[in-house]
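Chemist: I am sharing my_file_10.txt, which consists of compact mmCIF, C-alpha atoms:
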```txt
# COMPACT_ATOMS: atom_id res chain seq x y z
CA MET A 1 32.76 -71.99 -19.90
CA PRO A 2 29.46 -71.81 -17.96
CA ARG A 3 27.37 -74.86 -18.56
CA LEU A 4 23.67 -75.15 -18.19
CA ARG A 5 22.25 -78.53 -17.30
CA LEU A 6 18.69 -79.15 -18.43
CA LEU A 7 16.56 -81.62 -16.54
CA LEU A 8 13.26 -81.73 -18.36
CA PRO A 9 10.89 -84.69 -18.45
CA ASP A 10 9.67 -83.99 -21.97
CA PRO A 11 12.19 -85.42 -24.47
CA LEU A 12 11.39 -82.72 -27.03
CA ALA A 13 11.62 -79.77 -24.68
CA PRO A 14 15.44 -79.57 -24.20
CA GLU A 15 16.03 -78.70 -27.85
CA LEU A 16 13.38 -76.02 -27.74
CA VAL A 17 14.82 -74.55 -24.57
CA VAL A 18 18.39 -74.68 -25.89
CA ASP A 19 17.24 -73.02 -29.08
CA ALA A 20 15.49 -70.27 -27.14
CA LEU A 21 18.53 -69.72 -24.91
CA ARG A 22 20.85 -69.52 -27.94
CA ARG A 23 18.56 -67.00 -29.59
CA ALA A 24 18.70 -65.01 -26.38
CA GLY A 25 22.46 -64.78 -26.77
CA LEU A 26 23.66 -67.66 -24.60
CA SER A 27 25.72 -69.33 -27.28
CA SER A 28 27.59 -71.70 -24.96
CA VAL A 29 24.64 -73.79 -23.85
CA VAL A 30 25.54 -77.46 -23.56
CA VAL A 31 23.07 -80.25 -22.95
CA GLU A 32 24.43 -83.01 -20.75
CA GLU A 33 23.43 -86.57 -21.33
CA GLU A 34 20.95 -87.70 -18.75
CA ASP A 35 21.91 -90.71 -16.71
CA GLY A 36 19.65 -93.30 -15.16
CA ARG A 37 19.63 -91.58 -11.78
CA VAL A 38 18.15 -88.42 -13.27
CA GLU A 39 15.47 -90.45 -15.02
CA ALA A 40 14.57 -92.16 -11.75
CA LEU A 41 14.31 -88.78 -10.03
CA GLU A 42 12.14 -87.43 -12.80
CA ARG A 43 9.88 -90.44 -12.57
CA GLU A 44 9.58 -89.88 -8.84
CA VAL A 45 8.74 -86.20 -9.32
CA ARG A 46 6.08 -87.14 -11.88
CA GLU A 47 4.57 -89.68 -9.50
CA LEU A 48 4.56 -87.18 -6.64
CA ARG A 49 2.84 -84.59 -8.84
CA ASN A 50 0.19 -87.12 -9.83
CA LEU A 51 -0.31 -88.02 -6.20
CA ASP A 52 -0.62 -84.34 -5.28
CA THR A 53 -3.25 -83.78 -7.99
CA ALA A 54 -5.13 -86.88 -6.81
CA LYS A 55 -5.02 -85.55 -3.23
CA SER A 56 -6.43 -82.19 -4.32
CA GLN A 57 -9.15 -83.91 -6.32
CA PHE A 58 -10.01 -86.02 -3.28
CA LEU A 59 -10.24 -82.92 -1.08
CA ALA A 60 -12.49 -81.23 -3.63
CA ASN A 61 -14.79 -84.27 -3.76
CA VAL A 62 -14.96 -84.72 0.00
CA SER A 63 -15.67 -81.01 0.53
CA HIS A 64 -18.49 -81.17 -1.97
CA GLU A 65 -19.96 -84.23 -0.25
CA LEU A 66 -19.75 -82.53 3.16
CA ARG A 67 -21.56 -79.47 1.89
CA THR A 68 -24.74 -81.25 0.91
CA PRO A 69 -25.88 -82.59 4.31
CA LEU A 70 -24.75 -79.37 6.01
CA THR A 71 -26.79 -77.39 3.55
CA ALA A 72 -29.82 -79.48 4.50
CA ILE A 73 -29.20 -78.75 8.19
CA VAL A 74 -29.08 -74.99 7.51
CA THR A 75 -32.20 -75.13 5.34
CA TYR A 76 -34.22 -77.06 7.95
CA GLY A 77 -32.99 -74.64 10.61
CA GLU A 78 -34.17 -71.68 8.57
CA VAL A 79 -37.50 -73.38 7.88
CA LEU A 80 -37.92 -73.37 11.68
CA THR A 81 -36.66 -69.82 12.35
CA ASP A 82 -38.78 -68.48 9.48
CA GLU A 83 -41.67 -70.18 11.33
CA LEU A 84 -42.81 -71.98 8.20
CA LEU A 85 -43.75 -74.90 10.45
CA GLY A 86 -45.33 -72.80 13.17
CA PRO A 87 -44.26 -70.37 15.89
CA LEU A 88 -41.17 -70.96 18.07
CA THR A 89 -40.63 -70.10 21.71
CA ASP A 90 -37.65 -67.83 22.46
CA ARG A 91 -35.61 -70.75 23.80
CA GLN A 92 -36.39 -72.89 20.76
CA ARG A 93 -35.39 -70.02 18.48
CA GLU A 94 -32.12 -69.58 20.38
CA ALA A 95 -31.31 -73.29 20.01
CA VAL A 96 -32.11 -73.39 16.31
CA GLU A 97 -30.13 -70.21 15.67
CA ALA A 98 -27.13 -71.83 17.37
CA ILE A 99 -27.48 -74.84 15.07
CA ILE A 100 -27.61 -72.56 12.03
CA HIS A 101 -24.67 -70.45 13.19
CA SER A 102 -22.42 -73.47 13.81
CA SER A 103 -23.41 -75.09 10.53
CA LYS A 104 -22.59 -71.92 8.64
CA GLN A 105 -19.18 -71.79 10.31
CA LEU A 106 -18.55 -75.35 9.16
CA LEU A 107 -19.72 -74.50 5.66
CA GLN A 108 -17.28 -71.61 5.49
CA MET A 109 -14.40 -73.87 6.47
CA ILE A 110 -15.45 -76.45 3.91
CA GLU A 111 -15.63 -73.67 1.34
CA GLU A 112 -12.02 -72.80 2.13
CA VAL A 113 -10.86 -76.39 1.74
CA LEU A 114 -12.76 -76.65 -1.54
CA THR A 115 -11.25 -73.41 -2.89
CA TYR A 116 -7.78 -74.51 -1.82
CA ALA A 117 -8.20 -77.93 -3.41
CA ARG A 118 -9.46 -76.44 -6.67
CA ALA A 119 -6.60 -73.93 -6.75
CA SER A 120 -4.08 -76.74 -6.09
CA ALA A 121 -5.57 -78.88 -8.83
CA GLN A 122 -5.27 -75.78 -11.05
CA ALA A 123 -9.00 -75.94 -11.69
CA ILE A 124 -9.32 -72.19 -11.04
CA ARG A 125 -8.76 -69.77 -13.88
CA LEU A 126 -8.56 -66.00 -13.77
CA GLU A 127 -11.36 -64.02 -15.34
CA PRO A 128 -9.65 -60.68 -15.72
CA SER A 129 -11.19 -57.28 -16.32
CA THR A 130 -10.44 -53.68 -15.39
CA PHE A 131 -11.92 -52.55 -12.09
CA ASP A 132 -11.69 -49.86 -9.45
CA LEU A 133 -9.91 -51.33 -6.43
CA ARG A 134 -11.46 -48.67 -4.18
CA GLU A 135 -14.89 -50.18 -4.83
CA VAL A 136 -13.59 -53.59 -3.78
CA VAL A 137 -12.24 -52.07 -0.56
CA ARG A 138 -15.59 -50.43 0.16
CA GLU A 139 -17.52 -53.65 -0.54
CA VAL A 140 -15.31 -55.67 1.81
CA HIS A 141 -15.84 -53.04 4.51
CA ARG A 142 -19.60 -53.04 3.94
CA ALA A 143 -19.71 -56.82 4.31
CA ASN A 144 -17.89 -56.57 7.67
CA ALA A 145 -19.35 -53.28 8.94
CA SER A 146 -21.42 -54.87 11.71
CA LEU A 147 -18.42 -56.91 12.92
CA PHE A 148 -16.35 -53.74 13.35
CA VAL A 149 -19.10 -52.38 15.57
CA THR A 150 -19.64 -55.54 17.67
CA ARG A 151 -15.89 -56.06 18.15
CA GLY A 152 -15.25 -52.43 19.06
CA LEU A 153 -12.73 -51.80 16.29
CA ALA A 154 -12.21 -48.60 14.31
CA TYR A 155 -11.87 -48.72 10.53
CA GLU A 156 -9.96 -46.42 8.19
CA GLU A 157 -9.48 -46.26 4.44
CA GLU A 158 -6.69 -44.44 2.61
CA PHE A 159 -6.48 -44.09 -1.16
CA GLY A 160 -3.52 -42.65 -3.03
CA ALA A 161 -4.15 -39.84 -5.50
CA ASP A 162 -4.68 -40.68 -9.19
CA LEU A 163 -5.07 -44.42 -8.69
CA PRO A 164 -5.14 -46.26 -12.02
CA LEU A 165 -7.71 -49.01 -12.62
CA ALA A 166 -6.64 -52.48 -11.58
CA TRP A 167 -6.44 -55.34 -14.09
CA GLY A 168 -7.27 -58.78 -12.80
CA ASP A 169 -9.93 -61.15 -11.53
CA ARG A 170 -12.05 -58.85 -9.37
CA ALA A 171 -13.72 -61.65 -7.38
CA LYS A 172 -10.38 -63.23 -6.48
CA ILE A 173 -8.78 -59.93 -5.47
CA GLN A 174 -11.86 -59.28 -3.33
CA HIS A 175 -11.44 -62.74 -1.79
CA VAL A 176 -7.82 -61.90 -0.87
CA LEU A 177 -8.76 -58.57 0.70
CA ALA A 178 -11.72 -60.11 2.55
CA ASN A 179 -9.43 -62.78 3.95
CA LEU A 180 -6.88 -60.24 5.22
CA VAL A 181 -9.56 -58.02 6.73
CA GLY A 182 -11.19 -61.11 8.30
CA ASN A 183 -7.86 -62.10 9.88
CA ALA A 184 -7.32 -58.55 11.14
CA LEU A 185 -10.77 -58.68 12.75
CA ASP A 186 -10.00 -62.04 14.36
CA PHE A 187 -6.60 -61.08 15.75
CA THR A 188 -7.21 -57.51 16.92
CA PRO A 189 -8.64 -57.04 20.39
CA ALA A 190 -10.74 -53.98 21.23
CA PRO A 191 -10.13 -51.12 21.29
CA GLY A 192 -8.16 -51.42 18.08
CA ARG A 193 -7.91 -50.05 14.57
CA ILE A 194 -7.81 -51.65 11.13
CA THR A 195 -6.60 -49.62 8.17
CA VAL A 196 -6.87 -50.49 4.49
CA ARG A 197 -4.67 -48.44 2.19
CA VAL A 198 -4.33 -48.57 -1.59
CA ARG A 199 -1.61 -46.69 -3.43
CA ARG A 200 0.75 -47.12 -6.32
CA TRP A 201 3.42 -49.63 -5.30
CA PRO A 202 6.59 -47.58 -4.61
CA GLU A 203 8.81 -50.36 -6.03
CA ASN A 204 6.93 -50.48 -9.31
CA PRO A 205 4.30 -47.78 -9.90
CA ALA A 206 2.64 -49.85 -12.65
CA TRP A 207 1.34 -51.99 -9.78
CA LEU A 208 -1.02 -51.18 -6.95
CA GLU A 209 -0.09 -51.96 -3.37
CA VAL A 210 -2.82 -52.88 -0.92
CA LEU A 211 -2.07 -52.70 2.80
CA VAL A 212 -4.22 -54.15 5.56
CA ALA A 213 -2.82 -52.89 8.87
CA ASP A 214 -4.10 -53.73 12.33
CA THR A 215 -3.19 -52.93 15.92
CA GLY A 216 -3.63 -56.57 16.95
CA ILE A 217 -1.54 -59.25 18.62
CA GLY A 218 1.05 -59.35 15.82
CA ILE A 219 3.11 -62.26 14.46
CA ASP A 220 6.61 -63.27 15.49
CA PRO A 221 8.94 -62.71 12.47
CA GLN A 222 10.03 -66.37 12.55
CA TYR A 223 6.51 -67.28 11.38
CA HIS A 224 6.19 -64.74 8.56
CA GLU A 225 6.83 -67.37 5.87
CA LEU A 226 5.05 -70.23 7.62
CA ILE A 227 1.65 -68.53 7.81
CA PHE A 228 1.32 -68.56 4.02
CA ARG A 229 1.89 -72.31 3.89
CA GLU A 230 -0.86 -74.91 3.85
CA PHE A 231 -2.60 -75.80 7.12
CA ALA A 232 -0.33 -73.53 9.19
CA GLN A 233 -1.41 -71.46 12.13
CA VAL A 234 1.19 -69.84 14.31
CA ASP A 235 0.45 -71.93 17.35
CA SER A 236 -2.17 -74.37 18.39
CA SER A 237 -3.72 -71.99 20.93
CA HIS A 238 -4.60 -69.64 18.04
CA ALA A 239 -5.98 -72.58 16.12
CA ARG A 240 -8.15 -73.43 19.09
CA ARG A 241 -9.28 -69.86 19.57
CA HIS A 242 -9.94 -69.07 15.93
CA HIS A 243 -11.07 -72.43 14.60
CA GLY A 244 -9.67 -71.82 11.13
CA THR A 245 -8.59 -74.31 8.51
CA GLY A 246 -5.23 -72.55 8.19
CA LEU A 247 -5.87 -72.29 4.47
CA GLY A 248 -7.04 -68.68 4.16
CA LEU A 249 -3.62 -67.13 3.61
CA THR A 250 -2.51 -69.99 1.36
CA ILE A 251 -5.50 -69.35 -0.89
CA ALA A 252 -4.82 -65.60 -0.75
CA ARG A 253 -1.21 -66.20 -1.78
CA ASN A 254 -2.32 -68.50 -4.62
CA PHE A 255 -4.71 -65.88 -5.96
CA VAL A 256 -2.13 -63.06 -5.72
CA GLN A 257 0.53 -65.19 -7.41
CA MET A 258 -1.88 -66.18 -10.19
CA HIS A 259 -1.88 -62.44 -11.00
CA GLY A 260 1.93 -62.36 -10.93
CA GLY A 261 1.81 -60.34 -7.73
CA ARG A 262 3.41 -60.61 -4.29
CA ILE A 263 1.99 -60.92 -0.79
CA TRP A 264 3.96 -60.39 2.40
CA VAL A 265 3.71 -59.35 6.02
CA GLU A 266 5.54 -56.97 8.34
CA SER A 267 4.81 -57.64 11.98
CA ALA A 268 6.18 -58.32 15.44
CA LEU A 269 4.55 -59.78 18.53
CA GLY A 270 2.37 -57.19 20.21
CA ALA A 271 3.02 -54.62 17.48
CA GLY A 272 0.14 -55.29 15.11
CA SER A 273 0.43 -56.70 11.59
CA ARG A 274 0.81 -55.09 8.18
CA PHE A 275 -0.17 -57.38 5.32
CA TYR A 276 0.67 -56.18 1.81
CA PHE A 277 -0.20 -57.50 -1.62
CA THR A 278 0.24 -56.17 -5.12
CA VAL A 279 -2.34 -56.01 -7.89
CA PRO A 280 -1.50 -55.30 -11.54
CA THR A 281 -2.83 -52.21 -13.29
CA VAL A 282 -3.50 -52.04 -17.01
CA GLU A 283 -0.05 -50.48 -17.35
CA ALA A 284 1.56 -53.51 -15.65
CA CYS A 285 -0.05 -55.90 -18.11
CA ALA A 286 1.94 -54.35 -20.92
CA GLY A 287 5.19 -54.62 -18.94
CA ALA A 288 6.94 -57.15 -16.75
CA THR A 289 5.76 -58.72 -13.50
CA PRO A 290 7.48 -57.49 -10.34
CA MET B 1 -51.32 -64.91 -9.77
CA ARG B 2 -53.95 -66.49 -7.55
CA ARG B 3 -53.39 -69.65 -5.57
CA GLY B 4 -55.56 -71.63 -7.93
CA ASP B 5 -53.46 -70.57 -10.91
CA ALA B 6 -50.24 -71.84 -9.44
CA MET B 7 -51.85 -75.11 -8.43
CA SER B 8 -53.62 -75.66 -11.73
CA ARG B 9 -50.33 -75.18 -13.52
CA GLY B 10 -48.90 -78.08 -11.58
CA ALA B 11 -46.29 -78.84 -8.99
CA VAL B 12 -42.76 -77.71 -8.31
CA LEU B 13 -40.47 -80.57 -9.27
CA VAL B 14 -37.51 -80.78 -6.87
CA VAL B 15 -34.58 -82.62 -8.43
CA GLU B 16 -31.77 -83.43 -5.99
CA ASP B 17 -29.97 -86.75 -5.52
CA HIS B 18 -29.24 -86.28 -1.82
CA GLY B 19 -32.34 -87.41 0.08
CA VAL B 20 -32.17 -85.11 3.11
CA ALA B 21 -31.32 -82.07 1.00
CA ARG B 22 -34.24 -82.87 -1.33
CA GLN B 23 -36.61 -83.27 1.63
CA ALA B 24 -35.44 -79.94 3.07
CA LEU B 25 -36.24 -78.10 -0.17
CA ALA B 26 -39.57 -79.90 -0.47
CA CYS B 27 -40.35 -79.00 3.14
CA VAL B 28 -39.80 -75.27 2.46
CA LEU B 29 -42.08 -75.33 -0.58
CA GLU B 30 -44.79 -77.54 0.92
CA ALA B 31 -44.89 -75.53 4.15
CA SER B 32 -45.64 -72.47 2.00
CA GLY B 33 -48.46 -74.20 0.15
CA TYR B 34 -46.84 -75.38 -3.08
CA ALA B 35 -47.54 -78.83 -4.48
CA VAL B 36 -44.21 -80.62 -4.71
CA ARG B 37 -42.93 -83.60 -6.64
CA GLN B 38 -39.50 -85.08 -6.15
CA ALA B 39 -36.91 -86.77 -8.35
CA ALA B 40 -33.48 -88.10 -7.40
CA THR B 41 -32.05 -88.73 -10.86
CA ALA B 42 -31.94 -86.98 -14.23
CA ALA B 43 -33.95 -89.81 -15.79
CA ASP B 44 -36.72 -89.49 -13.18
CA ALA B 45 -36.70 -85.70 -13.52
CA LEU B 46 -37.14 -85.81 -17.30
CA ALA B 47 -39.91 -88.40 -17.05
CA SER B 48 -41.71 -86.43 -14.36
CA ALA B 49 -41.41 -83.11 -16.21
CA ALA B 50 -42.72 -84.69 -19.41
CA ASP B 51 -46.09 -85.71 -17.93
CA GLY B 52 -47.37 -82.16 -18.21
CA ASN B 53 -48.18 -81.38 -14.61
CA VAL B 54 -45.04 -79.49 -13.59
CA ALA B 55 -45.03 -75.69 -13.17
CA LEU B 56 -41.36 -75.29 -12.33
CA VAL B 57 -38.22 -77.43 -12.04
CA LEU B 58 -35.83 -76.81 -9.14
CA LEU B 59 -32.75 -78.60 -10.40
CA ASP B 60 -29.56 -79.53 -8.56
CA LEU B 61 -26.76 -79.50 -11.14
CA GLY B 62 -24.79 -82.32 -9.52
CA LEU B 63 -26.79 -85.44 -10.35
CA PRO B 64 -25.39 -88.97 -10.38
CA ASP B 65 -26.59 -90.10 -13.80
CA ALA B 66 -26.17 -86.93 -15.90
CA ASP B 67 -24.79 -83.43 -15.74
CA GLY B 68 -27.51 -81.02 -14.62
CA ILE B 69 -26.75 -78.76 -17.58
CA GLU B 70 -27.54 -81.70 -19.87
CA VAL B 71 -30.92 -82.04 -18.15
CA VAL B 72 -31.59 -78.33 -18.80
CA ARG B 73 -30.71 -78.81 -22.48
CA ARG B 74 -33.05 -81.77 -22.81
CA LEU B 75 -35.89 -79.93 -21.10
CA ARG B 76 -35.32 -77.01 -23.49
CA ALA B 77 -35.17 -79.32 -26.53
CA ASP B 78 -38.51 -81.05 -25.83
CA PRO B 79 -41.53 -78.99 -26.99
CA GLY B 80 -43.55 -80.45 -24.09
CA THR B 81 -41.19 -79.13 -21.41
CA ARG B 82 -39.62 -76.17 -23.18
CA SER B 83 -41.74 -73.55 -21.42
CA ILE B 84 -41.23 -74.88 -17.86
CA PRO B 85 -38.97 -72.46 -15.98
CA VAL B 86 -35.86 -74.10 -14.53
CA VAL B 87 -34.21 -72.84 -11.35
CA ALA B 88 -30.66 -74.22 -11.19
CA LEU B 89 -29.17 -75.02 -7.82
CA THR B 90 -25.52 -75.71 -7.13
CA GLY B 91 -22.82 -75.74 -4.51
CA ARG B 92 -20.22 -75.31 -7.19
CA GLY B 93 -19.86 -71.54 -7.03
CA GLU B 94 -21.06 -68.33 -8.55
CA GLU B 95 -19.28 -68.83 -11.86
CA TRP B 96 -21.99 -71.36 -12.78
CA GLY B 97 -24.59 -68.59 -12.86
CA GLU B 98 -23.50 -67.46 -16.31
CA VAL B 99 -23.43 -71.00 -17.67
CA CYS B 100 -26.96 -71.58 -16.41
CA GLY B 101 -28.21 -68.27 -17.83
CA GLY B 102 -26.69 -69.19 -21.18
CA GLU B 103 -28.57 -72.49 -21.15
CA GLY B 104 -31.88 -70.75 -20.55
CA CYS B 105 -32.34 -71.25 -16.81
CA ALA B 106 -34.80 -68.78 -15.32
CA ALA B 107 -32.76 -68.39 -12.13
CA PHE B 108 -29.65 -69.66 -10.41
CA LEU B 109 -29.28 -70.27 -6.67
CA THR B 110 -26.16 -71.20 -4.67
CA LYS B 111 -26.38 -73.67 -1.80
CA PRO B 112 -27.24 -73.21 0.97
CA VAL B 113 -30.38 -71.47 -0.25
CA ALA B 114 -32.23 -69.45 2.37
CA PRO B 115 -35.91 -70.51 2.42
CA ARG B 116 -36.99 -66.89 1.89
CA GLN B 117 -34.77 -66.61 -1.17
CA LEU B 118 -36.07 -69.88 -2.61
CA LEU B 119 -39.69 -68.88 -2.01
CA ALA B 120 -39.17 -65.43 -3.51
CA THR B 121 -37.62 -66.96 -6.63
CA VAL B 122 -40.37 -69.55 -7.07
CA ALA B 123 -43.10 -66.96 -6.44
CA ARG B 124 -41.57 -64.64 -9.05
CA LEU B 125 -41.75 -67.41 -11.66
CA VAL B 126 -45.03 -69.20 -10.93
CA GLY B 127 -46.78 -66.93 -8.45
CA ALA B 128 -47.18 -67.12 -4.70
CA PRO B 129 -49.39 -69.99 -3.54
CA GLY B 130 -51.19 -67.87 -0.97
CA ALA B 131 -51.52 -64.72 -3.10
```
As structure tokens, what does this structure read like?

Modeler:
Amino acid sequence: MPRLRLLLPDPLAPELVVDALRRAGLSSVVVEEEDGRVEALEREVRELRNLDTAKSQFLANVSHELRTPLTAIVTYGEVLTDELLGPLTDRQREAVEAIIHSSKQLLQMIEEVLTYARASAQAIRLEPSTFDLREVVREVHRANASLFVTRGLAYEEEFGADLPLAWGDRAKIQHVLANLVGNALDFTPAPGRITVRVRRWPENPAWLEVLVADTGIGIDPQYHELIFREFAQVDSSHARRHHGTGLGLTIARNFVQMHGGRIWVESALGAGSRFYFTVPTVEACAGATP
Amino acid sequence: MRRGDAMSRGAVLVVEDHGVARQALACVLEASGYAVRQAATAADALASAADGNVALVLLDLGLPDADGIEVVRRLRADPGTRSIPVVALTGRGEEWGEVCGGEGCAAFLTKPVAPRQLLATVARLVGAPGA
């Protein structure tokens, strides 16, 4: 007889779970007595979870504290470049603009750490609504339009016919897409091409599939899982060249998974990358997750 | 609004606990001709706003002694400060905009605020100092 062993920290929960399983037709569910070893393990897991939450809270606090002085640096810089304190020479302007540019880069990284920490501490909630994913694609392109020009990269959009409206947190889906497009921009040398495609997901047409494809340097298949993990970049030379926190894809994955969706990559070294993620439609909300 | 109107209505009260950040905001406003007063705590901010010479409150929501939203509520609850427009300022993200609007803030700005954006917001609410 198949036996199901329940290891749940809440003393009330096993009965509820057993009851639910029996209702679902699994009549032969047996609850084993827990021994001391299991209790010790559970205690350890609880302590580790608490520690993890404390770590995320710490990261959120530190990020917030780092933002404030950096914000002051940017503001003073812009007071100077706006010539509120008098005219600047060209060389002074160049120097102050470099200060502002670097500070803004730092701010963006801090923003990523803060978002990651808040997502890990489960302080981020979805604010779902129906929206047109094509508009999100166009907004992300608009925000990056000048970068495509300066980096010498072509851009293409493809939309499937009869796309249903998406159902989800528009800002977070936009964050995911912006992150993937940002990566494509960073890892695609000129002359290259970046394509964003939205269509119904072939595996489950109640979901939308978003593809961000580039003709860039590509990713060795052995790293396809790793890149979605915290603080990971494929190798340190990339980290040096691209100065990222390594959190962008982790945050993207968190946001996609909060919607019940999937995110994955198809790529090989030198063959460009194809990042996919799925977004629920209104139809998917009524049914099951993929 | 003429320069004299903005001045006669009082100063812009900058409420921010972090000294350098507060100075930076004050610098933007002063360089453009606004009279500025500063407060580092919620208690100081409420006391300063209550003396009747404040035209606008620029309020950081992350204060050490009270939640910024609580400060907004107390300004709104006091007949003496009820009509002073409050511009909320936070690094906590866009989602706070709605909260601030619901509490009666006149505007909401996310850090880092560009000087031009700050000046445009203040000018919209109390008039440009040089106009």

Chemist: Where's the centre, and what are the edge lengths in Å to one decimal, of a box along x, y and z enclosing all listed atoms of segment 77-81 of chain B padded 8 Å per side, as lines of an AutoDock Vina configuration file?

Modeler:
```
center_x = -39.4
center_y = -80.0
center_z = -24.2
size_x = 24.4
size_y = 18.1
size_z = 21.6
```

Chemist: Could you name the residues that touch Pro69 of chain A at 12 Å or less, counting all atoms listed in the file, but leaving out those on the same chain fewer than 5 positions away, as a list in words?

Modeler: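 Once the adjacent positions are removed, what remains is Val62, Ser63, His64, Val74, Thr75, Tyr76, Ser103, Lys104, Leu106 and Leu107 of chain A; Glu16, Asp17, His18, Gly19, Val20, Ala21, Arg22, Gln23, Ala24, Gly91, Lys111 and Pro112 of chain B.
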
Chemist: Please produce a file of those selected residues containing C-alpha atoms, as an mmCIF file, keeping the file's coordinate frame.

Modeler:
```cif
data_model
loop_
_atom_site.group_PDB
_atom_site.id
_atom_site.type_symbol
_atom_site.label_atom_id
_atom_site.label_comp_id
_atom_site.auth_asym_id
_atom_site.auth_seq_id
_atom_site.Cartn_x
_atom_site.Cartn_y
_atom_site.Cartn_z
ATOM 1 C CA VAL A 62 -14.960 -84.720 0.000
ATOM 2 C CA SER A 63 -15.670 -81.010 0.530
ATOM 3 C CA HIS A 64 -18.490 -81.170 -1.970
ATOM 4 C CA VAL A 74 -29.080 -74.990 7.510
ATOM 5 C CA THR A 75 -32.200 -75.130 5.340
ATOM 6 C CA TYR A 76 -34.220 -77.060 7.950
ATOM 7 C CA SER A 103 -23.410 -75.090 10.530
ATOM 8 C CA LYS A 104 -22.590 -71.920 8.640
ATOM 9 C CA LEU A 106 -18.550 -75.350 9.160
ATOM 10 C CA LEU A 107 -19.720 -74.500 5.660
ATOM 11 C CA GLU B 16 -31.770 -83.430 -5.990
ATOM 12 C CA ASP B 17 -29.970 -86.750 -5.520
ATOM 13 C CA HIS B 18 -29.240 -86.280 -1.820
ATOM 14 C CA GLY B 19 -32.340 -87.410 0.080
ATOM 15 C CA VAL B 20 -32.170 -85.110 3.110
ATOM 16 C CA ALA B 21 -31.320 -82.070 1.000
ATOM 17 C CA ARG B 22 -34.240 -82.870 -1.330
ATOM 18 C CA GLN B 23 -36.610 -83.270 1.630
ATOM 19 C CA ALA B 24 -35.440 -79.940 3.070
ATOM 20 C CA GLY B 91 -22.820 -75.740 -4.510
ATOM 21 C CA LYS B 111 -26.380 -73.670 -1.800
ATOM 22 C CA PRO B 112 -27.240 -73.210 0.970
#
```

Chemist: Can you tell me, as a PyMOL selection string, what residues are no more than 10 Å from Ala154 of chain A when counting only C-alpha atoms, ignoring any on the same chain fewer than 2 positions away?

Modeler: chain A and resi 148-149+151-152+156+190-195+214

Chemist: Any idea what's packed within 10 Å of Ala45 of chain B, counting all atoms listed in the file, ignoring anything in its chain fewer than 2 positions away? Could you give it as a list in words?

Modeler: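 Final neighbour list, sorted by chain and number: Leu13, Val14, Val15, Glu16, Arg37, Gln38, Ala39, Ala40, Thr41, Ala42, Ala43, Ala47, Ser48, Ala49, Ala50, Val57, Leu58, Leu59, Val71 and Leu75 of chain B.
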
Chemist: Counting only C-alpha atoms, figure out which residue out of A:Val136, A:Ala171, A:Leu59, A:Ala184 gets nearest to chain B.

Modeler: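 Nearest to chain B: A:Ala171.
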
Chemist: Would you compute the distance between atom CA of Ala31 of chain B and atom CA of Ala114 of chain B? Give it in Å to one decimal.

Modeler: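 Interatomic distance, atom CA of Ala31 of chain B to atom CA of Ala114 of chain B: 14.2 Å.
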